[in-house]
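Asks: Data file data_18.pdb (PDB, C-alpha atoms, pLDDT in the B column) is appended below.
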```pdb
ATOM      1  CA  MET A  22       0.000   0.000   0.000  1.00 36.00           C
ATOM      2  CA  PRO A  23       1.259   3.510  -0.744  1.00 39.00           C
ATOM      3  CA  ARG A  24       2.346   5.442   2.327  1.00 41.00           C
ATOM      4  CA  ARG A  25      -0.199   8.049   3.422  1.00 43.00           C
ATOM      5  CA  LYS A  26       1.110  11.590   3.466  1.00 59.00           C
ATOM      6  CA  ARG A  27       1.728  12.896   6.974  1.00 68.00           C
ATOM      7  CA  TRP A  28       0.168  16.332   6.446  1.00 88.00           C
ATOM      8  CA  THR A  29      -3.013  17.489   4.707  1.00 89.00           C
ATOM      9  CA  THR A  30      -3.114  19.847   1.720  1.00 93.00           C
ATOM     10  CA  ILE A  31      -4.654  22.660   3.765  1.00 95.00           C
ATOM     11  CA  GLU A  32      -1.449  24.711   3.928  1.00 96.00           C
ATOM     12  CA  ARG A  33      -0.587  24.145   0.271  1.00 94.00           C
ATOM     13  CA  ASP A  34      -4.056  25.290  -0.764  1.00 96.00           C
ATOM     14  CA  LEU A  35      -3.891  28.375   1.457  1.00 96.00           C
ATOM     15  CA  ARG A  36      -0.489  29.345   0.084  1.00 96.00           C
ATOM     16  CA  ALA A  37      -1.801  29.047  -3.466  1.00 95.00           C
ATOM     17  CA  GLU A  38      -4.741  31.284  -2.590  1.00 96.00           C
ATOM     18  CA  LYS A  39      -3.241  33.767  -0.111  1.00 96.00           C
ATOM     19  CA  GLY A  40       0.513  33.756  -0.712  1.00 96.00           C
ATOM     20  CA  PRO A  41       3.571  31.726   0.301  1.00 96.00           C
ATOM     21  CA  LEU A  42       4.147  33.249   3.735  1.00 97.00           C
ATOM     22  CA  LEU A  43       1.762  31.276   5.918  1.00 97.00           C
ATOM     23  CA  ALA A  44       2.012  31.705   9.686  1.00 98.00           C
ATOM     24  CA  GLY A  45       0.997  28.763  11.826  1.00 98.00           C
ATOM     25  CA  VAL A  46      -0.155  29.718  15.310  1.00 97.00           C
ATOM     26  CA  ASP A  47      -0.837  27.644  18.396  1.00 97.00           C
ATOM     27  CA  GLU A  48      -1.011  28.207  22.149  1.00 96.00           C
ATOM     28  CA  VAL A  49      -0.293  26.090  25.204  1.00 97.00           C
ATOM     29  CA  GLY A  50      -1.351  26.512  28.791  1.00 97.00           C
ATOM     30  CA  ARG A  51      -5.126  26.859  28.739  1.00 95.00           C
ATOM     31  CA  GLY A  52      -5.643  24.047  31.230  1.00 94.00           C
ATOM     32  CA  PRO A  53      -3.103  24.606  34.052  1.00 96.00           C
ATOM     33  CA  ILE A  54      -4.042  26.299  37.319  1.00 95.00           C
ATOM     34  CA  ALA A  55      -0.756  28.217  37.392  1.00 96.00           C
ATOM     35  CA  GLY A  56       1.405  30.133  34.951  1.00 96.00           C
ATOM     36  CA  PRO A  57       0.764  32.162  31.797  1.00 97.00           C
ATOM     37  CA  VAL A  58      -0.708  31.053  28.510  1.00 97.00           C
ATOM     38  CA  VAL A  59       1.971  31.059  25.781  1.00 97.00           C
ATOM     39  CA  ALA A  60       1.492  31.256  22.016  1.00 97.00           C
ATOM     40  CA  CYS A  61       3.850  30.936  19.074  1.00 97.00           C
ATOM     41  CA  ALA A  62       3.586  32.118  15.497  1.00 98.00           C
ATOM     42  CA  VAL A  63       5.943  30.547  12.977  1.00 98.00           C
ATOM     43  CA  ILE A  64       6.397  30.885   9.222  1.00 98.00           C
ATOM     44  CA  MET A  65       7.980  27.794   7.710  1.00 97.00           C
ATOM     45  CA  PRO A  66       9.485  27.741   4.187  1.00 96.00           C
ATOM     46  CA  ALA A  67       6.939  26.816   1.548  1.00 93.00           C
ATOM     47  CA  GLU A  68       9.122  24.723  -0.741  1.00 84.00           C
ATOM     48  CA  THR A  69      11.016  22.495   1.681  1.00 86.00           C
ATOM     49  CA  ARG A  70      10.249  19.090   3.148  1.00 91.00           C
ATOM     50  CA  ALA A  71       8.645  18.862   6.559  1.00 93.00           C
ATOM     51  CA  ILE A  72      10.971  18.158   9.465  1.00 95.00           C
ATOM     52  CA  ALA A  73      10.834  14.472  10.341  1.00 95.00           C
ATOM     53  CA  GLY A  74       9.297  13.802  13.732  1.00 94.00           C
ATOM     54  CA  VAL A  75       7.260  16.985  14.019  1.00 95.00           C
ATOM     55  CA  ASP A  76       3.846  16.284  15.547  1.00 93.00           C
ATOM     56  CA  ASP A  77       1.361  17.727  17.982  1.00 88.00           C
ATOM     57  CA  SER A  78       3.518  18.700  20.969  1.00 92.00           C
ATOM     58  CA  LYS A  79       1.330  16.670  23.337  1.00 89.00           C
ATOM     59  CA  ARG A  80       2.318  13.486  21.482  1.00 91.00           C
ATOM     60  CA  LEU A  81       6.029  14.079  21.958  1.00 95.00           C
ATOM     61  CA  THR A  82       8.340  13.620  24.905  1.00 95.00           C
ATOM     62  CA  HIS A  83      10.170  16.552  26.441  1.00 94.00           C
ATOM     63  CA  ASP A  84      13.473  15.542  24.836  1.00 95.00           C
ATOM     64  CA  GLN A  85      11.852  15.134  21.430  1.00 96.00           C
ATOM     65  CA  ARG A  86      10.269  18.574  21.650  1.00 96.00           C
ATOM     66  CA  VAL A  87      13.561  20.203  22.623  1.00 96.00           C
ATOM     67  CA  ARG A  88      15.460  18.578  19.756  1.00 96.00           C
ATOM     68  CA  LEU A  89      12.758  19.482  17.233  1.00 97.00           C
ATOM     69  CA  ALA A  90      12.519  23.048  18.535  1.00 96.00           C
ATOM     70  CA  VAL A  91      16.163  23.607  17.614  1.00 96.00           C
ATOM     71  CA  LYS A  92      15.545  22.409  14.050  1.00 97.00           C
ATOM     72  CA  ILE A  93      12.350  24.450  13.713  1.00 97.00           C
ATOM     73  CA  ARG A  94      14.059  27.671  14.826  1.00 96.00           C
ATOM     74  CA  GLU A  95      16.952  27.043  12.437  1.00 96.00           C
ATOM     75  CA  ARG A  96      14.689  26.416   9.461  1.00 97.00           C
ATOM     76  CA  ALA A  97      11.894  28.930  10.082  1.00 97.00           C
ATOM     77  CA  VAL A  98      11.536  32.043   7.942  1.00 97.00           C
ATOM     78  CA  ALA A  99      10.414  33.779  11.145  1.00 98.00           C
ATOM     79  CA  PHE A 100       8.975  32.884  14.529  1.00 97.00           C
ATOM     80  CA  ALA A 101       7.840  34.787  17.601  1.00 97.00           C
ATOM     81  CA  ILE A 102       6.457  34.094  21.058  1.00 97.00           C
ATOM     82  CA  GLY A 103       3.597  35.879  22.798  1.00 96.00           C
ATOM     83  CA  ALA A 104       2.105  35.369  26.239  1.00 97.00           C
ATOM     84  CA  ALA A 105      -0.688  36.519  28.511  1.00 97.00           C
ATOM     85  CA  SER A 106      -0.058  36.745  32.229  1.00 96.00           C
ATOM     86  CA  VAL A 107      -1.966  35.170  35.090  1.00 96.00           C
ATOM     87  CA  ARG A 108      -3.325  38.607  35.951  1.00 95.00           C
ATOM     88  CA  GLU A 109      -4.668  38.967  32.421  1.00 97.00           C
ATOM     89  CA  ILE A 110      -6.155  35.467  32.514  1.00 97.00           C
ATOM     90  CA  ASP A 111      -7.959  36.303  35.755  1.00 96.00           C
ATOM     91  CA  SER A 112      -9.112  39.648  34.368  1.00 96.00           C
ATOM     92  CA  ILE A 113     -10.374  38.785  30.877  1.00 96.00           C
ATOM     93  CA  ASN A 114     -10.739  34.949  31.055  1.00 95.00           C
ATOM     94  CA  ILE A 115      -8.587  32.242  29.499  1.00 96.00           C
ATOM     95  CA  TYR A 116     -10.216  32.347  26.061  1.00 94.00           C
ATOM     96  CA  GLN A 117      -9.598  36.077  25.634  1.00 96.00           C
ATOM     97  CA  ALA A 118      -6.109  35.716  27.104  1.00 97.00           C
ATOM     98  CA  SER A 119      -5.275  32.986  24.570  1.00 96.00           C
ATOM     99  CA  ALA A 120      -6.340  35.282  21.721  1.00 95.00           C
ATOM    100  CA  LEU A 121      -4.235  38.059  23.252  1.00 96.00           C
ATOM    101  CA  ALA A 122      -1.157  35.804  23.421  1.00 97.00           C
ATOM    102  CA  MET A 123      -1.661  34.779  19.764  1.00 96.00           C
ATOM    103  CA  HIS A 124      -2.041  38.405  18.683  1.00 96.00           C
ATOM    104  CA  ARG A 125       1.156  39.369  20.494  1.00 97.00           C
ATOM    105  CA  ALA A 126       3.076  36.524  18.841  1.00 97.00           C
ATOM    106  CA  LEU A 127       1.857  37.572  15.387  1.00 97.00           C
ATOM    107  CA  ARG A 128       2.729  41.227  15.983  1.00 96.00           C
ATOM    108  CA  ARG A 129       6.278  40.254  16.944  1.00 97.00           C
ATOM    109  CA  LEU A 130       6.994  38.378  13.717  1.00 97.00           C
ATOM    110  CA  LYS A 131       9.793  40.110  11.825  1.00 96.00           C
ATOM    111  CA  VAL A 132       8.256  38.973   8.539  1.00 97.00           C
ATOM    112  CA  ALA A 133       4.639  39.849   7.796  1.00 96.00           C
ATOM    113  CA  PRO A 134       2.641  36.736   6.834  1.00 97.00           C
ATOM    114  CA  ASP A 135       0.316  36.588   3.857  1.00 96.00           C
ATOM    115  CA  HIS A 136      -2.166  34.620   5.932  1.00 97.00           C
ATOM    116  CA  VAL A 137      -2.551  32.970   9.335  1.00 97.00           C
ATOM    117  CA  VAL A 138      -3.717  29.462  10.212  1.00 98.00           C
ATOM    118  CA  ILE A 139      -4.586  28.559  13.796  1.00 97.00           C
ATOM    119  CA  ASP A 140      -5.462  25.425  15.697  1.00 94.00           C
ATOM    120  CA  GLY A 141      -9.066  24.982  16.767  1.00 91.00           C
ATOM    121  CA  ARG A 142     -12.005  27.150  15.806  1.00 92.00           C
ATOM    122  CA  LEU A 143     -12.311  30.688  14.503  1.00 91.00           C
ATOM    123  CA  MET A 144     -11.445  33.257  17.183  1.00 91.00           C
ATOM    124  CA  ARG A 145     -13.574  36.348  16.773  1.00 87.00           C
ATOM    125  CA  THR A 146     -11.427  38.234  19.260  1.00 85.00           C
ATOM    126  CA  LEU A 147      -8.263  37.660  17.204  1.00 88.00           C
ATOM    127  CA  PRO A 148      -8.170  40.845  15.099  1.00 87.00           C
ATOM    128  CA  ILE A 149      -6.231  39.296  12.221  1.00 91.00           C
ATOM    129  CA  PRO A 150      -7.735  37.412   9.247  1.00 92.00           C
ATOM    130  CA  HIS A 151      -7.118  33.723   9.787  1.00 96.00           C
ATOM    131  CA  THR A 152      -8.197  30.229   8.903  1.00 97.00           C
ATOM    132  CA  ALA A 153      -9.055  27.910  11.784  1.00 96.00           C
ATOM    133  CA  VAL A 154      -8.392  24.176  11.494  1.00 96.00           C
ATOM    134  CA  VAL A 155      -9.875  21.773  14.022  1.00 95.00           C
ATOM    135  CA  HIS A 156      -7.077  19.450  15.220  1.00 93.00           C
ATOM    136  CA  GLY A 157      -4.731  21.667  13.251  1.00 92.00           C
ATOM    137  CA  ASP A 158      -1.715  20.566  15.285  1.00 91.00           C
ATOM    138  CA  VAL A 159      -1.964  17.100  13.723  1.00 93.00           C
ATOM    139  CA  ARG A 160      -3.078  18.274  10.257  1.00 95.00           C
ATOM    140  CA  CYS A 161      -0.909  21.322   9.525  1.00 96.00           C
ATOM    141  CA  PHE A 162       2.874  21.250   9.724  1.00 97.00           C
ATOM    142  CA  SER A 163       3.284  24.937  10.617  1.00 97.00           C
ATOM    143  CA  ILE A 164       0.750  24.702  13.456  1.00 97.00           C
ATOM    144  CA  ALA A 165       2.540  21.639  14.842  1.00 97.00           C
ATOM    145  CA  CYS A 166       5.827  23.567  14.711  1.00 97.00           C
ATOM    146  CA  ALA A 167       4.190  26.453  16.587  1.00 97.00           C
ATOM    147  CA  SER A 168       2.823  24.073  19.229  1.00 97.00           C
ATOM    148  CA  ILE A 169       6.304  22.636  19.836  1.00 97.00           C
ATOM    149  CA  LEU A 170       7.976  26.034  20.208  1.00 97.00           C
ATOM    150  CA  ALA A 171       5.197  27.287  22.480  1.00 97.00           C
ATOM    151  CA  LYS A 172       5.331  24.172  24.654  1.00 97.00           C
ATOM    152  CA  VAL A 173       9.117  24.228  25.014  1.00 96.00           C
ATOM    153  CA  THR A 174       9.027  27.925  25.904  1.00 96.00           C
ATOM    154  CA  ARG A 175       6.287  27.554  28.499  1.00 97.00           C
ATOM    155  CA  ASP A 176       7.884  24.479  30.083  1.00 96.00           C
ATOM    156  CA  LEU A 177      11.160  26.382  30.414  1.00 95.00           C
ATOM    157  CA  LEU A 178       9.360  29.314  32.013  1.00 96.00           C
ATOM    158  CA  MET A 179       7.543  27.075  34.496  1.00 96.00           C
ATOM    159  CA  THR A 180      10.802  25.301  35.356  1.00 96.00           C
ATOM    160  CA  ARG A 181      12.411  28.651  36.154  1.00 95.00           C
ATOM    161  CA  LEU A 182       9.420  29.694  38.251  1.00 96.00           C
ATOM    162  CA  GLY A 183       9.611  26.311  39.955  1.00 96.00           C
ATOM    163  CA  ARG A 184      13.054  27.154  41.295  1.00 96.00           C
ATOM    164  CA  ARG A 185      11.521  30.127  43.118  1.00 96.00           C
ATOM    165  CA  TYR A 186       8.489  28.106  44.263  1.00 96.00           C
ATOM    166  CA  PRO A 187       9.811  24.560  44.735  1.00 97.00           C
ATOM    167  CA  HIS A 188       6.837  23.286  46.743  1.00 96.00           C
ATOM    168  CA  TYR A 189       4.587  22.968  43.680  1.00 96.00           C
ATOM    169  CA  ILE A 190       6.876  20.802  41.482  1.00 97.00           C
ATOM    170  CA  TRP A 191       6.259  22.998  38.412  1.00 97.00           C
ATOM    171  CA  ASP A 192       9.324  21.572  36.692  1.00 95.00           C
ATOM    172  CA  HIS A 193       7.382  18.287  36.442  1.00 95.00           C
ATOM    173  CA  ASN A 194       3.737  19.369  36.133  1.00 96.00           C
ATOM    174  CA  ALA A 195       4.057  22.739  34.324  1.00 96.00           C
ATOM    175  CA  GLY A 196       1.282  24.138  36.500  1.00 96.00           C
ATOM    176  CA  TYR A 197      -1.268  21.413  35.789  1.00 94.00           C
ATOM    177  CA  THR A 198      -3.304  19.879  38.613  1.00 89.00           C
ATOM    178  CA  THR A 199      -1.321  16.918  39.924  1.00 89.00           C
ATOM    179  CA  ARG A 200      -1.285  15.369  43.384  1.00 85.00           C
ATOM    180  CA  GLU A 201       2.110  16.924  44.111  1.00 90.00           C
ATOM    181  CA  HIS A 202       0.857  20.335  43.016  1.00 91.00           C
ATOM    182  CA  VAL A 203      -2.235  20.014  45.206  1.00 87.00           C
ATOM    183  CA  ALA A 204      -0.084  18.914  48.140  1.00 88.00           C
ATOM    184  CA  GLY A 205       1.981  22.070  47.703  1.00 92.00           C
ATOM    185  CA  LEU A 206      -1.167  24.180  47.707  1.00 90.00           C
ATOM    186  CA  ALA A 207      -2.467  22.443  50.811  1.00 84.00           C
ATOM    187  CA  ALA A 208       0.771  23.057  52.678  1.00 89.00           C
ATOM    188  CA  HIS A 209       1.789  26.499  51.386  1.00 91.00           C
ATOM    189  CA  GLY A 210      -1.250  28.152  49.800  1.00 89.00           C
ATOM    190  CA  ILE A 211      -1.358  29.962  46.468  1.00 91.00           C
ATOM    191  CA  THR A 212       1.313  32.106  44.832  1.00 95.00           C
ATOM    192  CA  PRO A 213       1.025  35.175  42.569  1.00 94.00           C
ATOM    193  CA  HIS A 214       1.378  32.725  39.666  1.00 96.00           C
ATOM    194  CA  HIS A 215      -1.780  30.742  40.462  1.00 96.00           C
ATOM    195  CA  ARG A 216      -4.961  31.498  38.495  1.00 94.00           C
ATOM    196  CA  LYS A 217      -7.445  32.542  41.155  1.00 91.00           C
ATOM    197  CA  SER A 218     -10.295  32.806  38.648  1.00 88.00           C
ATOM    198  CA  PHE A 219     -10.187  29.098  37.866  1.00 82.00           C
ATOM    199  CA  CYS A 220     -13.067  27.503  39.724  1.00 63.00           C
ATOM    200  CA  ARG A 221     -10.974  24.454  40.548  1.00 73.00           C
ATOM    201  CA  ILE A 222      -8.562  26.691  42.449  1.00 72.00           C
ATOM    202  CA  SER A 223     -11.454  28.302  44.346  1.00 68.00           C
ATOM    203  CA  ASP A 224     -13.029  24.939  45.144  1.00 75.00           C
ATOM    204  CA  LEU A 225      -9.677  23.558  46.178  1.00 72.00           C
ATOM    205  CA  LEU A 226      -9.014  26.445  48.562  1.00 70.00           C
ATOM    206  CA  LEU A 227     -12.446  25.971  50.126  1.00 71.00           C
ATOM    207  CA  GLU A 228     -11.710  22.278  50.582  1.00 67.00           C
ATOM    208  CA  ILE A 229      -8.342  23.054  52.143  1.00 64.00           C
ATOM    209  CA  GLN A 230      -9.905  25.642  54.474  1.00 66.00           C
ATOM    210  CA  HIS A 231     -12.611  23.152  55.475  1.00 65.00           C
ATOM    211  CA  GLN A 232      -9.970  20.509  56.083  1.00 63.00           C
ATOM    212  CA  SER A 233      -8.009  22.865  58.352  1.00 63.00           C
ATOM    213  CA  GLU A 234     -11.150  23.706  60.309  1.00 66.00           C
ATOM    214  CA  LEU A 235     -11.899  20.012  60.811  1.00 65.00           C
ATOM    215  CA  GLU A 236      -8.358  19.421  62.040  1.00 64.00           C
ATOM    216  CA  ASP A 237      -8.680  22.298  64.522  1.00 65.00           C
ATOM    217  CA  LEU A 238     -12.009  20.916  65.767  1.00 66.00           C
ATOM    218  CA  GLU A 239     -10.445  17.484  66.182  1.00 60.00           C
ATOM    219  CA  GLU A 240      -7.606  18.888  68.273  1.00 59.00           C
ATOM    220  CA  ARG A 241     -10.008  20.857  70.498  1.00 61.00           C
ATOM    221  CA  ALA A 242     -12.247  17.817  70.937  1.00 54.00           C
ATOM    222  CA  LEU A 243      -9.299  15.719  72.055  1.00 47.00           C
ATOM    223  CA  ASP A 244      -8.254  18.443  74.502  1.00 51.00           C
ATOM    224  CA  ASP A 245     -11.770  18.666  75.929  1.00 51.00           C
ATOM    225  CA  VAL A 246     -12.120  14.958  76.659  1.00 46.00           C
ATOM    226  CA  GLY A 247      -8.545  14.473  77.768  1.00 45.00           C
ATOM    227  CA  LEU A 248      -5.942  12.143  76.303  1.00 43.00           C
ATOM    228  CA  PRO A 249      -5.949   8.753  77.975  1.00 40.00           C
ATOM    229  CA  ASP A 250      -3.000   7.694  75.866  1.00 41.00           C
ATOM    230  CA  GLU A 251      -1.045  10.393  74.058  1.00 39.00           C
ATOM    231  CA  ASP A 252       0.531   8.039  71.519  1.00 43.00           C
ATOM    232  CA  ASP A 253      -2.822   6.497  70.559  1.00 44.00           C
ATOM    233  CA  ALA A 254      -4.440   9.921  70.153  1.00 41.00           C
ATOM    234  CA  GLU A 255      -1.624  11.105  67.903  1.00 45.00           C
ATOM    235  CA  LEU A 256      -2.012   8.058  65.668  1.00 48.00           C
ATOM    236  CA  GLU A 257      -5.753   8.677  65.385  1.00 47.00           C
ATOM    237  CA  VAL A 258      -5.255  12.300  64.340  1.00 46.00           C
ATOM    238  CA  ILE A 259      -2.610  11.326  61.775  1.00 46.00           C
ATOM    239  CA  ALA A 260      -4.942   8.700  60.305  1.00 49.00           C
ATOM    240  CA  TYR A 261      -7.800  11.217  60.173  1.00 46.00           C
ATOM    241  CA  ILE A 262      -5.713  13.834  58.370  1.00 45.00           C
ATOM    242  CA  ALA A 263      -4.448  11.221  55.899  1.00 49.00           C
ATOM    243  CA  ASP A 264      -8.013  10.109  55.143  1.00 53.00           C
ATOM    244  CA  SER A 265      -9.113  13.724  54.640  1.00 47.00           C
ATOM    245  CA  LYS A 266      -6.292  14.437  52.208  1.00 46.00           C
ATOM    246  CA  ARG A 267      -6.944  11.170  50.355  1.00 53.00           C
ATOM    247  CA  GLY A 268     -10.580  12.108  49.914  1.00 51.00           C
ATOM    248  CA  LEU A 269      -9.603  15.549  48.611  1.00 46.00           C
ATOM    249  CA  GLU A 270      -7.209  14.046  46.085  1.00 48.00           C
ATOM    250  CA  GLU A 271      -9.832  11.600  44.836  1.00 51.00           C
ATOM    251  CA  ARG A 272     -12.352  14.402  44.284  1.00 47.00           C
ATOM    252  CA  ILE A 273      -9.763  16.339  42.315  1.00 46.00           C
TER
END
```
Show the structure stored in the file as structure tokens.

Replies:
Amino acid sequence: MPRRKRWTTIERDLRAEKGPLLAGVDEVGRGPIAGPVVACAVIMPAETRAIAGVDDSKRLTHDQRVRLAVKIRERAVAFAIGAASVREIDSINIYQASALAMHRALRRLKVAPDHVVIDGRLMRTLPIPHTAVVHGDVRCFSIACASILAKVTRDLLMTRLGRRYPHYIWDHNAGYTTREHVAGLAAHGITPHHRKSFCRISDLLLEIQHQSELEDLEERALDDVGLPDEDDAELEVIAYIADSKRGLEERI
């Protein structure tokens, strides 16, 4: 059987209609509860072969993304990064912040594109003519390249932030909700880099507050009735706290 082509003809058709300089745009970081949303715009050469191994960044390992990012930057006609901060995400919502990050990336391109292709659906708040492609990061080479550069950039940023806030393990979870991240929140609270507008953060903080109140009540109850055996009482409290945290993790 003949080998199926890796990429669709969407980009080729757009270049024929709009011009050769096609900018692929993608963003990463909509889902995490911490950190900015980061977008990349990249213009890849029209008449060269696709870089082997390029794929949707979520399908690649960290090492693969880093190696491919080097090749993409070397080969690109132009590329640029844009971001929207946690404060902006909380102020205008994640959808609007994603459009803002994309717009910033496009404005920073040193070469003006003839047209723009983005992953997902049409974004009315993106004030630049563009074509939206559902699952574009697995159908369009330039969008996949943008997703890799955006992902590598954001992961690097979260790793650097993680050195300042080591309790949240951002170098491993990139701000996504993991058990280690939640444990850091339970023990140390939120940072300026957490998205307070995300309902999961709000719910989590309420759960943590409720858990602390229950622990305080337990301690007072033990004091009121007296401690017949201090070691046994301590073991009971430890077991209770462990069960409470386990229940919180399961709900998350």

Asks: Excluding His151 (chain A) and residues on its chain fewer than 5 positions from it, collect all residues at most 9 Å away from it, counting only C-alpha atoms, and give them as a list of chain:residue names.

Replies: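 After dropping sequence-adjacent residues, the list is A:His136, A:Val137, A:Val138, A:Ile139, A:Leu143, A:Met144.
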
Asks: Please produce an output containing C-alpha atoms for each residue in the selection, written as a PDB file, in the coordinates of the input.

Replies:
```pdb
ATOM      1  CA  HIS A 136      -2.166  34.620   5.932  1.00 97.00           C
ATOM      2  CA  VAL A 137      -2.551  32.970   9.335  1.00 97.00           C
ATOM      3  CA  VAL A 138      -3.717  29.462  10.212  1.00 98.00           C
ATOM      4  CA  ILE A 139      -4.586  28.559  13.796  1.00 97.00           C
ATOM      5  CA  LEU A 143     -12.311  30.688  14.503  1.00 91.00           C
ATOM      6  CA  MET A 144     -11.445  33.257  17.183  1.00 91.00           C
TER       7      MET A 144
END
```

Asks: May I ask for the distance between CA of Leu177 (chain A) and CA of Leu43 (chain A), given in Å to one decimal place?

Replies: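 A separation of 26.7 Å between them.
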
Asks: Could you give me, as a tab-separated table (two decimals) with C-alpha atoms, keeping the file's coordinate frame, the residues within 8 Å of Arg129 (chain A), counting only C-alpha atoms and dropping anything in the same chain fewer than 6 positions from it?

Replies:
```
chain	number	residue	atom	x	y	z
A	101	ALA	CA	7.84	34.79	17.60
A	102	ILE	CA	6.46	34.09	21.06
A	103	GLY	CA	3.60	35.88	22.80
```

Asks: For Ile164 (chain A), which of A:Asp111, A:Asp84, A:Asp224, A:Asp140 is the closest residue, counting all atoms listed in the file?

Replies: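 The closest residue to Ile164 (chain A) is A:Asp140.
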
Asks: Hey, what's within 8 Å of Leu42 (chain A) if we count only C-alpha atoms and toss same-chain stuff fewer than 6 positions away? As a VMD selection string, please?

Replies: chain A and resid 36 64 to 67 133 to 136

Asks: Just how far from CA of His188 (chain A) is CA of His202 (chain A), in Å to one decimal?

Replies: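 Value for the CA of His202 (chain A)-CA of His188 (chain A) distance: 7.6 Å.
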
Asks: Tell me which of A:Asp176, A:Asp77, A:Glu48, A:Glu68 sits closest to Ala122 (chain A), counting all atoms listed in the file.

Replies: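 Looking at the shortest contact to Ala122 (chain A), the residue is A:Glu48.
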
Asks: Would you mind telling me which residue in A:Met179, A:Val63, A:Ile93, A:Val154 lies nearest to Leu35 (chain A) when using all atoms listed in the file?

Replies: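 Comparing A:Met179, A:Val63, A:Ile93, A:Val154 against Leu35 (chain A), the winner is A:Val154.
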
Asks: Please report the interatomic distance between CA of Val107 (chain A) and CA of Gly56 (chain A) in Å with one decimal.

Replies: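 Here the two named atoms are 6.1 Å from each other.
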
Asks: Which of these residues is nearest to Gly50 (chain A), using all atoms listed in the file: A:Ala195, A:Ile190, A:Ile113, A:Leu89?

Replies: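 Looking only at the distances to Gly50 (chain A), the closest residue turns out to be A:Ala195.
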
Asks: Can you pull out every residue within 12 Å of Lys92 (chain A), counting all atoms listed in the file, but drop anything in the same chain fewer than 6 positions away, and send it as a CSV table (one decimal) with C-alpha atoms, in the frame of the given file?

Replies:
```
chain,number,residue,atom,x,y,z
A,65,MET,CA,8.0,27.8,7.7
A,71,ALA,CA,8.6,18.9,6.6
A,72,ILE,CA,11.0,18.2,9.5
A,73,ALA,CA,10.8,14.5,10.3
A,74,GLY,CA,9.3,13.8,13.7
A,75,VAL,CA,7.3,17.0,14.0
A,85,GLN,CA,11.9,15.1,21.4
A,86,ARG,CA,10.3,18.6,21.6
A,166,CYS,CA,5.8,23.6,14.7
A,169,ILE,CA,6.3,22.6,19.8
A,170,LEU,CA,8.0,26.0,20.2
```

Asks: Give me, as a list of chain:residue names, all polymer residues having an atom no more than 8 Å from Val87 (chain A), counting all atoms listed in the file and skipping those fewer than 4 positions away in the same chain.

Replies: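 What passes the distance filter is A:His83, A:Val91, A:Val173.
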
Asks: Can you turn the PyMOL selection byres ((chain A and resi 118) around 12) into a concrete residue list for this file, as a PDB file with C-alpha atoms, in the frame of the given file?

Replies:
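Saved the output as out.pdb:
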```
ATOM      1  CA  GLU A  48      -1.011  28.207  22.149  1.00 96.00           C
ATOM      2  CA  VAL A  49      -0.293  26.090  25.204  1.00 97.00           C
ATOM      3  CA  GLY A  50      -1.351  26.512  28.791  1.00 97.00           C
ATOM      4  CA  ARG A  51      -5.126  26.859  28.739  1.00 95.00           C
ATOM      5  CA  PRO A  57       0.764  32.162  31.797  1.00 97.00           C
ATOM      6  CA  VAL A  58      -0.708  31.053  28.510  1.00 97.00           C
ATOM      7  CA  VAL A  59       1.971  31.059  25.781  1.00 97.00           C
ATOM      8  CA  ALA A  60       1.492  31.256  22.016  1.00 97.00           C
ATOM      9  CA  GLY A 103       3.597  35.879  22.798  1.00 96.00           C
ATOM     10  CA  ALA A 104       2.105  35.369  26.239  1.00 97.00           C
ATOM     11  CA  ALA A 105      -0.688  36.519  28.511  1.00 97.00           C
ATOM     12  CA  SER A 106      -0.058  36.745  32.229  1.00 96.00           C
ATOM     13  CA  VAL A 107      -1.966  35.170  35.090  1.00 96.00           C
ATOM     14  CA  ARG A 108      -3.325  38.607  35.951  1.00 95.00           C
ATOM     15  CA  GLU A 109      -4.668  38.967  32.421  1.00 97.00           C
ATOM     16  CA  ILE A 110      -6.155  35.467  32.514  1.00 97.00           C
ATOM     17  CA  ASP A 111      -7.959  36.303  35.755  1.00 96.00           C
ATOM     18  CA  SER A 112      -9.112  39.648  34.368  1.00 96.00           C
ATOM     19  CA  ILE A 113     -10.374  38.785  30.877  1.00 96.00           C
ATOM     20  CA  ASN A 114     -10.739  34.949  31.055  1.00 95.00           C
ATOM     21  CA  ILE A 115      -8.587  32.242  29.499  1.00 96.00           C
ATOM     22  CA  TYR A 116     -10.216  32.347  26.061  1.00 94.00           C
ATOM     23  CA  GLN A 117      -9.598  36.077  25.634  1.00 96.00           C
ATOM     24  CA  SER A 119      -5.275  32.986  24.570  1.00 96.00           C
ATOM     25  CA  ALA A 120      -6.340  35.282  21.721  1.00 95.00           C
ATOM     26  CA  LEU A 121      -4.235  38.059  23.252  1.00 96.00           C
ATOM     27  CA  ALA A 122      -1.157  35.804  23.421  1.00 97.00           C
ATOM     28  CA  MET A 123      -1.661  34.779  19.764  1.00 96.00           C
ATOM     29  CA  HIS A 124      -2.041  38.405  18.683  1.00 96.00           C
ATOM     30  CA  ARG A 125       1.156  39.369  20.494  1.00 97.00           C
ATOM     31  CA  MET A 144     -11.445  33.257  17.183  1.00 91.00           C
ATOM     32  CA  THR A 146     -11.427  38.234  19.260  1.00 85.00           C
ATOM     33  CA  LEU A 147      -8.263  37.660  17.204  1.00 88.00           C
TER      34      LEU A 147
END
```

Asks: Specify the axis-aligned box that encloses all atoms of region 98-106 of chain A listed in the file after padding of 8 Å on each side, stating its centre and edge lengths in Å to one decimal as AutoDock Vina command-line options.

Replies:
```
--center_x 5.4 --center_y 34.4 --center_z 20.1 --size_x 28.2 --size_y 20.7 --size_z 40.3
```
